[in-house]
file my_file_29.cif (mmCIF, C-alpha atoms and all ligand atoms)
data_work
#
loop_
_atom_site.label_atom_id
_atom_site.label_comp_id
_atom_site.auth_asym_id
_atom_site.auth_seq_id
_atom_site.Cartn_x
_atom_site.Cartn_y
_atom_site.Cartn_z
CA MET X 1 23.69 -10.17 8.13
CA ASN X 2 22.55 -6.62 8.96
CA ASP X 3 19.48 -5.79 11.09
CA ILE X 4 17.21 -4.95 8.20
CA GLU X 5 18.15 -8.11 6.33
CA SER X 6 17.47 -10.37 9.33
CA ARG X 7 14.18 -8.60 10.11
CA LEU X 8 13.05 -8.98 6.50
CA LEU X 9 13.86 -12.66 6.64
CA ALA X 10 11.90 -13.06 9.89
CA ILE X 11 8.84 -11.27 8.47
CA LYS X 12 8.86 -13.40 5.34
CA GLU X 13 8.90 -16.49 7.54
CA GLN X 14 5.99 -15.11 9.56
CA ILE X 15 4.03 -14.37 6.40
CA ALA X 16 4.61 -17.91 5.18
CA SER X 17 3.61 -19.52 8.46
CA HIS X 18 0.44 -17.43 8.84
CA ALA X 19 -0.44 -18.16 5.23
CA ARG X 20 -0.14 -21.89 5.84
CA LEU X 21 -2.26 -21.61 8.99
CA ALA X 22 -4.94 -20.04 6.80
CA ASN X 23 -4.54 -22.73 4.13
CA ARG X 24 -3.12 -20.19 1.74
CA ALA X 25 -0.02 -20.29 -0.47
CA PRO X 26 2.67 -17.97 0.97
CA ASP X 27 3.29 -16.40 -2.43
CA GLU X 28 -0.28 -15.05 -2.52
CA ILE X 29 0.86 -12.40 -0.06
CA LYS X 30 3.21 -9.61 -1.13
CA LEU X 31 5.36 -7.68 1.29
CA LEU X 32 5.35 -3.90 0.96
CA ALA X 33 8.22 -2.40 3.00
CA VAL X 34 7.00 0.93 4.40
CA SER X 35 10.05 3.20 4.46
CA LYS X 36 8.42 6.55 5.33
CA THR X 37 10.59 8.76 7.59
CA LYS X 38 13.51 6.34 7.10
CA PRO X 39 16.77 7.35 5.38
CA LEU X 40 17.83 6.25 1.92
CA GLU X 41 20.39 3.88 3.45
CA ALA X 42 17.56 1.85 5.02
CA ILE X 43 15.93 1.36 1.62
CA GLN X 44 19.28 0.44 0.10
CA ALA X 45 19.87 -2.17 2.81
CA ALA X 46 16.44 -3.68 2.22
CA TYR X 47 17.03 -3.68 -1.53
CA GLN X 48 20.32 -5.52 -1.08
CA ALA X 49 18.38 -8.10 0.95
CA GLY X 50 16.11 -8.64 -2.06
CA GLN X 51 13.19 -6.31 -1.22
CA ARG X 52 11.67 -4.52 -4.25
CA LEU X 53 8.29 -3.09 -3.13
CA PHE X 54 8.49 0.09 -1.04
CA GLY X 55 5.72 2.22 0.46
CA GLU X 56 5.95 5.94 1.20
CA SER X 57 3.43 8.35 2.75
CA TYR X 58 4.85 11.86 2.30
CA VAL X 59 5.14 13.13 -1.25
CA GLN X 60 8.16 15.40 -0.99
CA GLU X 61 10.20 13.00 1.11
CA ALA X 62 9.36 10.16 -1.26
CA ILE X 63 10.25 12.04 -4.45
CA THR X 64 13.69 12.87 -3.09
CA LYS X 65 14.35 9.19 -2.40
CA ILE X 66 12.88 8.00 -5.69
CA GLN X 67 14.94 10.41 -7.74
CA GLN X 68 18.16 9.34 -6.04
CA LEU X 69 17.50 5.63 -6.53
CA ASN X 70 16.07 5.91 -10.06
CA ASN X 71 19.33 7.49 -11.15
CA ALA X 72 21.32 4.54 -9.78
CA PRO X 73 21.27 1.51 -12.11
CA GLU X 74 22.30 -0.78 -9.23
CA TYR X 75 18.88 -0.13 -7.68
CA ALA X 76 16.82 -1.03 -10.74
CA GLY X 77 13.40 -2.63 -10.49
CA ILE X 78 11.97 -0.94 -7.40
CA GLU X 79 8.17 -0.64 -7.34
CA TRP X 80 7.04 2.51 -5.48
CA HIS X 81 3.70 2.55 -3.67
CA PHE X 82 2.11 5.76 -2.37
CA ILE X 83 0.09 4.96 0.77
CA GLY X 84 -0.46 8.33 2.47
CA PRO X 85 -3.15 11.01 2.25
CA LEU X 86 -2.98 12.70 -1.16
CA GLN X 87 -3.82 16.38 -1.63
CA SER X 88 -4.91 17.61 -5.06
CA ASN X 89 -1.89 19.88 -5.45
CA LYS X 90 0.48 16.91 -5.08
CA THR X 91 -1.12 14.54 -7.57
CA ARG X 92 1.21 15.43 -10.46
CA LEU X 93 4.34 14.38 -8.57
CA VAL X 94 2.68 11.12 -7.58
CA ALA X 95 1.43 10.45 -11.13
CA GLU X 96 4.94 10.99 -12.48
CA HIS X 97 6.96 8.98 -9.94
CA PHE X 98 4.93 6.18 -8.40
CA ASP X 99 3.75 2.79 -9.68
CA TRP X 100 0.85 2.37 -7.25
CA VAL X 101 -1.45 4.56 -5.12
CA HIS X 102 -3.29 2.80 -2.26
CA SER X 103 -5.05 5.81 -0.78
CA ILE X 104 -7.65 6.95 -3.31
CA ASP X 105 -10.89 8.02 -1.67
CA ARG X 106 -12.15 10.81 -3.96
CA GLU X 107 -13.11 11.00 -7.61
CA LYS X 108 -11.26 14.28 -8.01
CA THR X 109 -7.91 12.79 -7.01
CA ALA X 110 -8.40 9.83 -9.34
CA GLN X 111 -9.34 12.14 -12.20
CA ARG X 112 -6.24 14.28 -11.72
CA LEU X 113 -3.97 11.23 -11.58
CA ASN X 114 -5.53 9.93 -14.79
CA GLU X 115 -4.92 13.27 -16.54
CA GLN X 116 -1.39 13.62 -15.19
CA ARG X 117 -0.06 10.08 -15.64
CA PRO X 118 2.71 10.44 -18.29
CA ALA X 119 2.01 8.68 -21.61
CA GLY X 120 5.35 6.87 -21.55
CA LEU X 121 4.55 5.03 -18.31
CA PRO X 122 2.17 2.09 -17.78
CA ALA X 123 -1.20 2.84 -16.22
CA LEU X 124 -0.98 3.78 -12.54
CA ASN X 125 -2.17 0.95 -10.26
CA ILE X 126 -4.93 2.06 -7.89
CA CYS X 127 -6.43 0.79 -4.65
CA ILE X 128 -9.46 2.49 -3.16
CA GLN X 129 -9.06 3.24 0.53
CA VAL X 130 -11.99 2.18 2.71
CA ASN X 131 -12.58 3.65 6.17
CA ILE X 132 -13.68 0.30 7.52
CA SER X 133 -13.54 1.24 11.21
CA GLY X 134 -15.60 4.39 10.65
CA GLU X 135 -13.21 6.40 12.85
CA GLN X 136 -13.45 10.14 12.16
CA THR X 137 -9.68 10.52 12.10
CA LYS X 138 -9.24 8.03 9.25
CA SER X 139 -9.29 8.66 5.51
CA GLY X 140 -11.26 6.46 3.17
CA MET X 141 -14.73 5.95 1.76
CA THR X 142 -17.58 4.02 3.27
CA ALA X 143 -18.10 0.50 1.95
CA ASP X 144 -21.21 1.60 0.04
CA GLU X 145 -19.34 4.33 -1.81
CA VAL X 146 -16.64 2.00 -3.13
CA PHE X 147 -18.61 0.65 -6.08
CA GLY X 148 -19.39 4.07 -7.53
CA LEU X 149 -15.76 5.14 -7.47
CA ALA X 150 -14.60 1.75 -8.78
CA GLY X 151 -16.82 2.22 -11.83
CA ILE X 152 -15.32 5.64 -12.50
CA ILE X 153 -11.72 4.49 -12.06
CA SER X 154 -12.21 1.46 -14.29
CA ASN X 155 -13.12 3.85 -17.13
CA PHE X 156 -9.99 5.97 -16.74
CA PRO X 157 -7.46 4.74 -19.34
CA ARG X 158 -4.35 5.86 -17.45
CA LEU X 159 -5.40 4.14 -14.19
CA LYS X 160 -5.73 0.44 -13.45
CA LEU X 161 -8.07 -0.58 -10.65
CA ARG X 162 -6.26 -3.22 -8.56
CA GLY X 163 -8.29 -3.40 -5.37
CA LEU X 164 -8.84 -2.05 -1.89
CA MET X 165 -6.78 -0.75 1.01
CA ALA X 166 -7.76 -0.39 4.66
CA ILE X 167 -6.29 0.39 8.05
CA ALA X 168 -8.02 -1.45 10.88
CA GLU X 169 -9.38 0.31 13.95
CA ASN X 170 -6.66 1.54 16.28
CA THR X 171 -7.17 -0.96 19.09
CA ASP X 172 -5.43 -3.91 20.77
CA ASP X 173 -8.65 -5.90 20.56
CA MET X 174 -7.97 -8.33 17.72
CA ASN X 175 -11.64 -9.31 17.59
CA ILE X 176 -12.49 -5.80 16.43
CA VAL X 177 -9.59 -5.85 13.97
CA ARG X 178 -10.73 -9.22 12.62
CA ASP X 179 -14.25 -7.90 12.20
CA ASN X 180 -12.90 -4.95 10.15
CA PHE X 181 -10.77 -7.22 7.99
CA LEU X 182 -13.56 -9.72 7.38
CA GLN X 183 -15.76 -6.89 6.11
CA MET X 184 -12.93 -5.89 3.77
CA GLN X 185 -12.60 -9.44 2.52
CA GLU X 186 -16.28 -9.58 1.65
CA LEU X 187 -16.12 -6.21 -0.11
CA PHE X 188 -13.01 -7.32 -2.02
CA ASN X 189 -14.67 -10.54 -3.16
CA ARG X 190 -17.67 -8.58 -4.47
CA LEU X 191 -15.43 -6.10 -6.30
CA LYS X 192 -13.41 -8.91 -7.88
CA THR X 193 -16.48 -10.41 -9.50
CA LEU X 194 -17.18 -7.04 -11.18
CA TYR X 195 -13.67 -6.09 -12.35
CA PRO X 196 -11.16 -8.65 -13.65
CA SER X 197 -8.22 -6.30 -12.97
CA VAL X 198 -8.91 -6.45 -9.21
CA ASP X 199 -6.44 -8.74 -7.44
CA THR X 200 -5.15 -6.79 -4.44
CA LEU X 201 -6.41 -6.51 -0.89
CA SER X 202 -3.92 -4.23 0.86
CA MET X 203 -4.27 -4.70 4.61
CA GLY X 204 -2.17 -5.66 7.61
CA MET X 205 0.58 -3.68 9.35
CA THR X 206 3.22 -4.60 11.93
CA ASP X 207 0.71 -5.11 14.77
CA ASP X 208 -2.10 -6.86 12.89
CA MET X 209 -0.41 -8.76 10.07
CA PRO X 210 -1.44 -12.28 11.22
CA VAL X 211 -5.12 -11.32 11.39
CA ALA X 212 -4.95 -9.64 7.99
CA ILE X 213 -3.45 -12.75 6.39
CA SER X 214 -6.11 -14.95 7.94
CA CYS X 215 -8.74 -12.63 6.41
CA GLY X 216 -7.39 -12.77 2.86
CA SER X 217 -4.88 -9.93 2.62
CA THR X 218 -2.77 -10.12 -0.55
CA MET X 219 -0.40 -7.30 0.40
CA VAL X 220 0.82 -6.47 3.88
CA ARG X 221 2.33 -3.03 4.54
CA ILE X 222 5.09 -3.40 7.11
CA GLY X 223 7.20 -0.54 8.47
CA THR X 224 8.21 -0.85 12.12
CA ALA X 225 9.00 -4.57 12.07
CA ILE X 226 11.49 -4.03 9.23
CA PHE X 227 12.98 -0.60 9.86
CA GLY X 228 12.36 -0.03 13.58
CA SER X 229 10.12 2.56 15.20
CA ARG X 230 9.67 5.94 13.56
CA GLU X 231 10.50 9.38 14.90
CA TYR X 232 8.34 12.18 13.56
CA LYS X 233 9.73 15.70 13.33
C1 LIG X 301 2.96 3.79 8.31
C2 LIG X 301 2.00 2.94 7.60
C3 LIG X 301 2.13 1.53 7.60
C4 LIG X 301 3.21 0.77 8.34
O1 LIG X 301 2.91 0.70 9.71
P1 LIG X 301 3.76 -0.18 10.76
O2 LIG X 301 2.89 -0.28 11.93
O3 LIG X 301 5.02 0.59 11.03
O4 LIG X 301 4.06 -1.49 10.13
C5 LIG X 301 1.20 0.81 6.86
N1 LIG X 301 0.20 1.42 6.18
C6 LIG X 301 0.04 2.76 6.17
C7 LIG X 301 -1.09 3.35 5.41
C8 LIG X 301 0.93 3.56 6.88
O5 LIG X 301 0.74 4.89 6.87
#

call {"tool": "encode", "arguments": {"input": "my_file_29.cif", "output": "structure tokens"}}
result
Amino acid sequence: MNDIESRLLAIKEQIASHARLANRAPDEIKLLAVSKTKPLEAIQAAYQAGQRLFGESYVQEAITKIQQLNNAPEYAGIEWHFIGPLQSNKTRLVAEHFDWVHSIDREKTAQRLNEQRPAGLPALNICIQVNISGEQTKSGMTADEVFGLAGIISNFPRLKLRGLMAIAENTDDMNIVRDNFLQMQELFNRLKTLYPSVDTLSMGMTDDMPVAISCGSTMVRIGTAIFGSREYK
């Protein structure tokens, strides 16, 4: 068994055990493997270990990988999730190549994605990013702003509103992290009652996955624990 395969196995076991601790079914929680900055070979190894959902944060890097794997029938069935900051001038590439975007925090970006989503593809799945910690350095809307944007997105025919995404405050204090995630859970539950298409609460990373699962996360975004630490250029 290679490194990536054994790490994936370990994470899936952790997800299952934290789900059970929270009285949840393990299959309520999807694993998004965050492969940003990692080479194609890392994605291929994860794929061979059964992983199908991959998250990327940098448009150009992601498109290069997607094009190589989409042309290889032996890597069929990958679902690509865009999770990074999205500038207006990059929306077309994202609309044409991704299945999901987790990082929508402006009407203008949503509108462009709706216009640019190719007719031959299913509607693009969307999560609204919430800046739940209120840190200046983080993207995302305030909790109050979410409902206005959700209403707009739900009327765009080429987008499908799936839920919310958040990154917890950058701290080792898990009480603060839990407080952030509990606020997200409440917001998610309110949104779900308004829009039947909403089923996804994207939260939890390598360092805070257990807390996220205990607070209702339905999709954890894990990079480091699968692929090792990242080196930025
Ligand atoms: C990089 C990234 C992750 C993965 O973080 P790890 O700590 O490596 O698991 C998750 N979500 C977002 C939005 C990211 O940018």

call {"tool": "residues_near_ligand", "arguments": {"input": "my_file_29.cif", "ligand": "ligand LIG 301 (chain X)", "cutoff": "7 Å", "atoms": "only C-alpha atoms and all ligand atoms", "output": "ChimeraX atom specification"}}
result
/X:34,36,57,83-84,167,205-207,221-225,229

call {"tool": "closest_residue", "arguments": {"input": "my_file_29.cif", "among": "X:Ala49, X:Ile132, X:Leu191, X:Leu182", "to": "Ser154 of chain X", "atoms": "only C-alpha atoms"}}
result
X:Leu191

call {"tool": "atom_distance", "arguments": {"input": "my_file_29.cif", "atom1": "atom CA of Cys127 of chain X", "atom2": "atom CA of Lys12 of chain X"}}
result
23.1 Å

call {"tool": "closest_residue", "arguments": {"input": "my_file_29.cif", "among": "X:Leu113, X:Val220, X:Met141, X:Ile226", "to": "Asn89 of chain X", "atoms": "only C-alpha atoms"}}
result
X:Leu113

call {"tool": "atom_distance", "arguments": {"input": "my_file_29.cif", "atom1": "atom CA of Ala62 of chain X", "atom2": "atom CA of Leu32 of chain X"}}
result
14.8 Å

call {"tool": "atom_distance", "arguments": {"input": "my_file_29.cif", "atom1": "atom CA of Pro85 of chain X", "atom2": "atom CA of Gly55 of chain X"}}
result
12.6 Å

call {"tool": "closest_residue", "arguments": {"input": "my_file_29.cif", "among": "X:Ile15, X:Leu159, X:Val177, X:Ile4", "to": "Val101 of chain X", "atoms": "only C-alpha atoms"}}
result
X:Leu159

call {"tool": "residues_near_point", "arguments": {"input": "my_file_29.cif", "point": "(6.4, 9.0, 4.0)", "cutoff": "12 Å", "atoms": "all atoms listed in the file", "output": "NGL selection string"}}
result
:X and (33-40 or 54-66 or 80-86 or 223 or 230-233)

call {"tool": "write_last_selection", "arguments": {"input": "my_file_29.cif", "atoms": "C-alpha atoms", "output": "PDB file, keeping the file's coordinate frame"}}
result
ATOM      1  CA  ALA X  33       8.220  -2.400   3.000  1.00  0.00           C
ATOM      2  CA  VAL X  34       7.000   0.930   4.400  1.00  0.00           C
ATOM      3  CA  SER X  35      10.050   3.200   4.460  1.00  0.00           C
ATOM      4  CA  LYS X  36       8.420   6.550   5.330  1.00  0.00           C
ATOM      5  CA  THR X  37      10.590   8.760   7.590  1.00  0.00           C
ATOM      6  CA  LYS X  38      13.510   6.340   7.100  1.00  0.00           C
ATOM      7  CA  PRO X  39      16.770   7.350   5.380  1.00  0.00           C
ATOM      8  CA  LEU X  40      17.830   6.250   1.920  1.00  0.00           C
ATOM      9  CA  PHE X  54       8.490   0.090  -1.040  1.00  0.00           C
ATOM     10  CA  GLY X  55       5.720   2.220   0.460  1.00  0.00           C
ATOM     11  CA  GLU X  56       5.950   5.940   1.200  1.00  0.00           C
ATOM     12  CA  SER X  57       3.430   8.350   2.750  1.00  0.00           C
ATOM     13  CA  TYR X  58       4.850  11.860   2.300  1.00  0.00           C
ATOM     14  CA  VAL X  59       5.140  13.130  -1.250  1.00  0.00           C
ATOM     15  CA  GLN X  60       8.160  15.400  -0.990  1.00  0.00           C
ATOM     16  CA  GLU X  61      10.200  13.000   1.110  1.00  0.00           C
ATOM     17  CA  ALA X  62       9.360  10.160  -1.260  1.00  0.00           C
ATOM     18  CA  ILE X  63      10.250  12.040  -4.450  1.00  0.00           C
ATOM     19  CA  THR X  64      13.690  12.870  -3.090  1.00  0.00           C
ATOM     20  CA  LYS X  65      14.350   9.190  -2.400  1.00  0.00           C
ATOM     21  CA  ILE X  66      12.880   8.000  -5.690  1.00  0.00           C
ATOM     22  CA  TRP X  80       7.040   2.510  -5.480  1.00  0.00           C
ATOM     23  CA  HIS X  81       3.700   2.550  -3.670  1.00  0.00           C
ATOM     24  CA  PHE X  82       2.110   5.760  -2.370  1.00  0.00           C
ATOM     25  CA  ILE X  83       0.090   4.960   0.770  1.00  0.00           C
ATOM     26  CA  GLY X  84      -0.460   8.330   2.470  1.00  0.00           C
ATOM     27  CA  PRO X  85      -3.150  11.010   2.250  1.00  0.00           C
ATOM     28  CA  LEU X  86      -2.980  12.700  -1.160  1.00  0.00           C
ATOM     29  CA  GLY X 223       7.200  -0.540   8.470  1.00  0.00           C
ATOM     30  CA  ARG X 230       9.670   5.940  13.560  1.00  0.00           C
ATOM     31  CA  GLU X 231      10.500   9.380  14.900  1.00  0.00           C
ATOM     32  CA  TYR X 232       8.340  12.180  13.560  1.00  0.00           C
ATOM     33  CA  LYS X 233       9.730  15.700  13.330  1.00  0.00           C
TER      34      LYS X 233
END

call {"tool": "closest_residue", "arguments": {"input": "my_file_29.cif", "among": "X:His102, X:Arg92, X:Lys160, X:His18", "to": "Gln129 of chain X", "atoms": "all atoms listed in the file"}}
result
X:His102

call {"tool": "closest_residue", "arguments": {"input": "my_file_29.cif", "among": "X:Met219, X:Ile126, X:Leu121, X:Ala10", "to": "Glu96 of chain X", "atoms": "only C-alpha atoms"}}
result
X:Leu121

call {"tool": "closest_residue", "arguments": {"input": "my_file_29.cif", "among": "X:Gly77, X:Gly50, X:Pro118, X:Gly228", "to": "Leu31 of chain X", "atoms": "only C-alpha atoms"}}
result
X:Gly50

call {"tool": "axis_aligned_box", "arguments": {"input": "my_file_29.cif", "around": "segment 98-115 of chain X", "padding_each_side": "6 Å", "output": "AutoDock Vina command-line options"}}
result
--center_x -4.1 --center_y 8.3 --center_z -8.7 --size_x 30.0 --size_y 23.9 --size_z 27.8

call {"tool": "residues_near_point", "arguments": {"input": "my_file_29.cif", "point": "(-14.4, 1.8, -6.4)", "cutoff": "9 Å", "atoms": "only C-alpha atoms", "output": "PyMOL selection string"}}
result
chain X and resi 105+127-129+145-154+161+163-164+191

call {"tool": "residues_around", "arguments": {"input": "my_file_29.cif", "residues": "segment 21-24 of chain X", "least_positions_apart": "2", "cutoff": "12 Å", "atoms": "all atoms listed in the file", "output": "ChimeraX atom specification"}}
result
/X:14-19,26-29,210-218

call {"tool": "residues_around", "arguments": {"input": "my_file_29.cif", "residues": "Gly120 of chain X", "least_positions_apart": "5", "cutoff": "12 Å", "atoms": "all atoms listed in the file", "output": "compact mmCIF listing (two decimals) with C-alpha atoms, in the coordinates of the input"}}
result
# COMPACT_ATOMS: atom_id res chain seq x y z
CA ALA X 95 1.43 10.45 -11.13
CA GLU X 96 4.94 10.99 -12.48
CA HIS X 97 6.96 8.98 -9.94
CA ARG X 158 -4.35 5.86 -17.45

call {"tool": "decode", "arguments": {"input": "my_file_29.cif", "residues": "segment 110-138 of chain X", "atoms": "N, CA and C atoms", "output": "compact mmCIF listing (two decimals), in the first residue's frame"}}
result
# COMPACT_ATOMS: atom_id res chain seq x y z
N ALA X 110 -21.26 34.89 -9.00
CA ALA X 110 -22.33 33.92 -9.25
C ALA X 110 -22.99 34.20 -10.60
N GLN X 111 -23.24 35.47 -10.88
CA GLN X 111 -23.89 35.84 -12.13
C GLN X 111 -23.05 35.44 -13.34
N ARG X 112 -21.74 35.69 -13.23
CA ARG X 112 -20.85 35.32 -14.35
C ARG X 112 -20.80 33.80 -14.53
N LEU X 113 -20.73 33.06 -13.45
CA LEU X 113 -20.72 31.60 -13.55
C LEU X 113 -22.00 31.10 -14.20
N ASN X 114 -23.13 31.70 -13.83
CA ASN X 114 -24.41 31.30 -14.42
C ASN X 114 -24.42 31.55 -15.92
N GLU X 115 -23.88 32.71 -16.34
CA GLU X 115 -23.85 33.04 -17.77
C GLU X 115 -22.88 32.14 -18.54
N GLN X 116 -21.80 31.73 -17.86
CA GLN X 116 -20.72 31.05 -18.57
C GLN X 116 -20.77 29.53 -18.46
N ARG X 117 -21.66 29.00 -17.64
CA ARG X 117 -21.76 27.55 -17.51
C ARG X 117 -22.23 26.96 -18.85
N PRO X 118 -21.44 26.08 -19.49
CA PRO X 118 -21.83 25.56 -20.81
C PRO X 118 -23.15 24.78 -20.75
N ALA X 119 -23.95 24.94 -21.83
CA ALA X 119 -25.29 24.33 -21.87
C ALA X 119 -25.23 22.81 -21.80
N GLY X 120 -24.16 22.21 -22.28
CA GLY X 120 -24.07 20.75 -22.30
C GLY X 120 -23.76 20.12 -20.95
N LEU X 121 -23.43 20.94 -19.97
CA LEU X 121 -23.07 20.42 -18.64
C LEU X 121 -24.23 20.61 -17.68
N PRO X 122 -24.31 19.77 -16.63
CA PRO X 122 -25.32 20.00 -15.59
C PRO X 122 -25.06 21.33 -14.87
N ALA X 123 -26.06 21.81 -14.17
CA ALA X 123 -25.89 23.06 -13.41
C ALA X 123 -24.68 22.93 -12.48
N LEU X 124 -23.99 24.05 -12.29
CA LEU X 124 -22.80 24.08 -11.43
C LEU X 124 -23.25 24.14 -9.96
N ASN X 125 -22.74 23.22 -9.16
CA ASN X 125 -23.10 23.17 -7.73
C ASN X 125 -22.39 24.27 -6.96
N ILE X 126 -23.13 24.98 -6.12
CA ILE X 126 -22.59 26.17 -5.45
C ILE X 126 -22.75 26.10 -3.94
N CYS X 127 -21.67 26.42 -3.23
CA CYS X 127 -21.75 26.72 -1.80
C CYS X 127 -21.37 28.18 -1.59
N ILE X 128 -22.09 28.84 -0.73
CA ILE X 128 -21.76 30.22 -0.35
C ILE X 128 -20.74 30.18 0.78
N GLN X 129 -19.67 30.94 0.61
CA GLN X 129 -18.64 30.98 1.67
C GLN X 129 -19.00 32.03 2.71
N VAL X 130 -18.95 31.62 3.97
CA VAL X 130 -19.27 32.51 5.08
C VAL X 130 -18.00 32.80 5.87
N ASN X 131 -17.74 34.07 6.12
CA ASN X 131 -16.60 34.44 6.97
C ASN X 131 -17.06 34.39 8.42
N ILE X 132 -17.06 33.18 8.97
CA ILE X 132 -17.72 32.97 10.26
C ILE X 132 -16.87 33.48 11.42
N SER X 133 -15.55 33.56 11.21
CA SER X 133 -14.68 34.05 12.29
C SER X 133 -14.59 35.57 12.29
N GLY X 134 -15.02 36.20 11.17
CA GLY X 134 -14.92 37.65 11.06
C GLY X 134 -13.51 38.18 10.88
N GLU X 135 -12.54 37.28 10.65
CA GLU X 135 -11.16 37.75 10.45
C GLU X 135 -11.06 38.52 9.13
N GLN X 136 -10.34 39.64 9.18
CA GLN X 136 -10.19 40.50 8.00
C GLN X 136 -9.54 39.79 6.82
N THR X 137 -8.65 38.85 7.14
CA THR X 137 -7.88 38.18 6.08
C THR X 137 -8.70 37.14 5.34
N LYS X 138 -9.88 36.81 5.85
CA LYS X 138 -10.66 35.72 5.25
C LYS X 138 -11.70 36.22 4.27
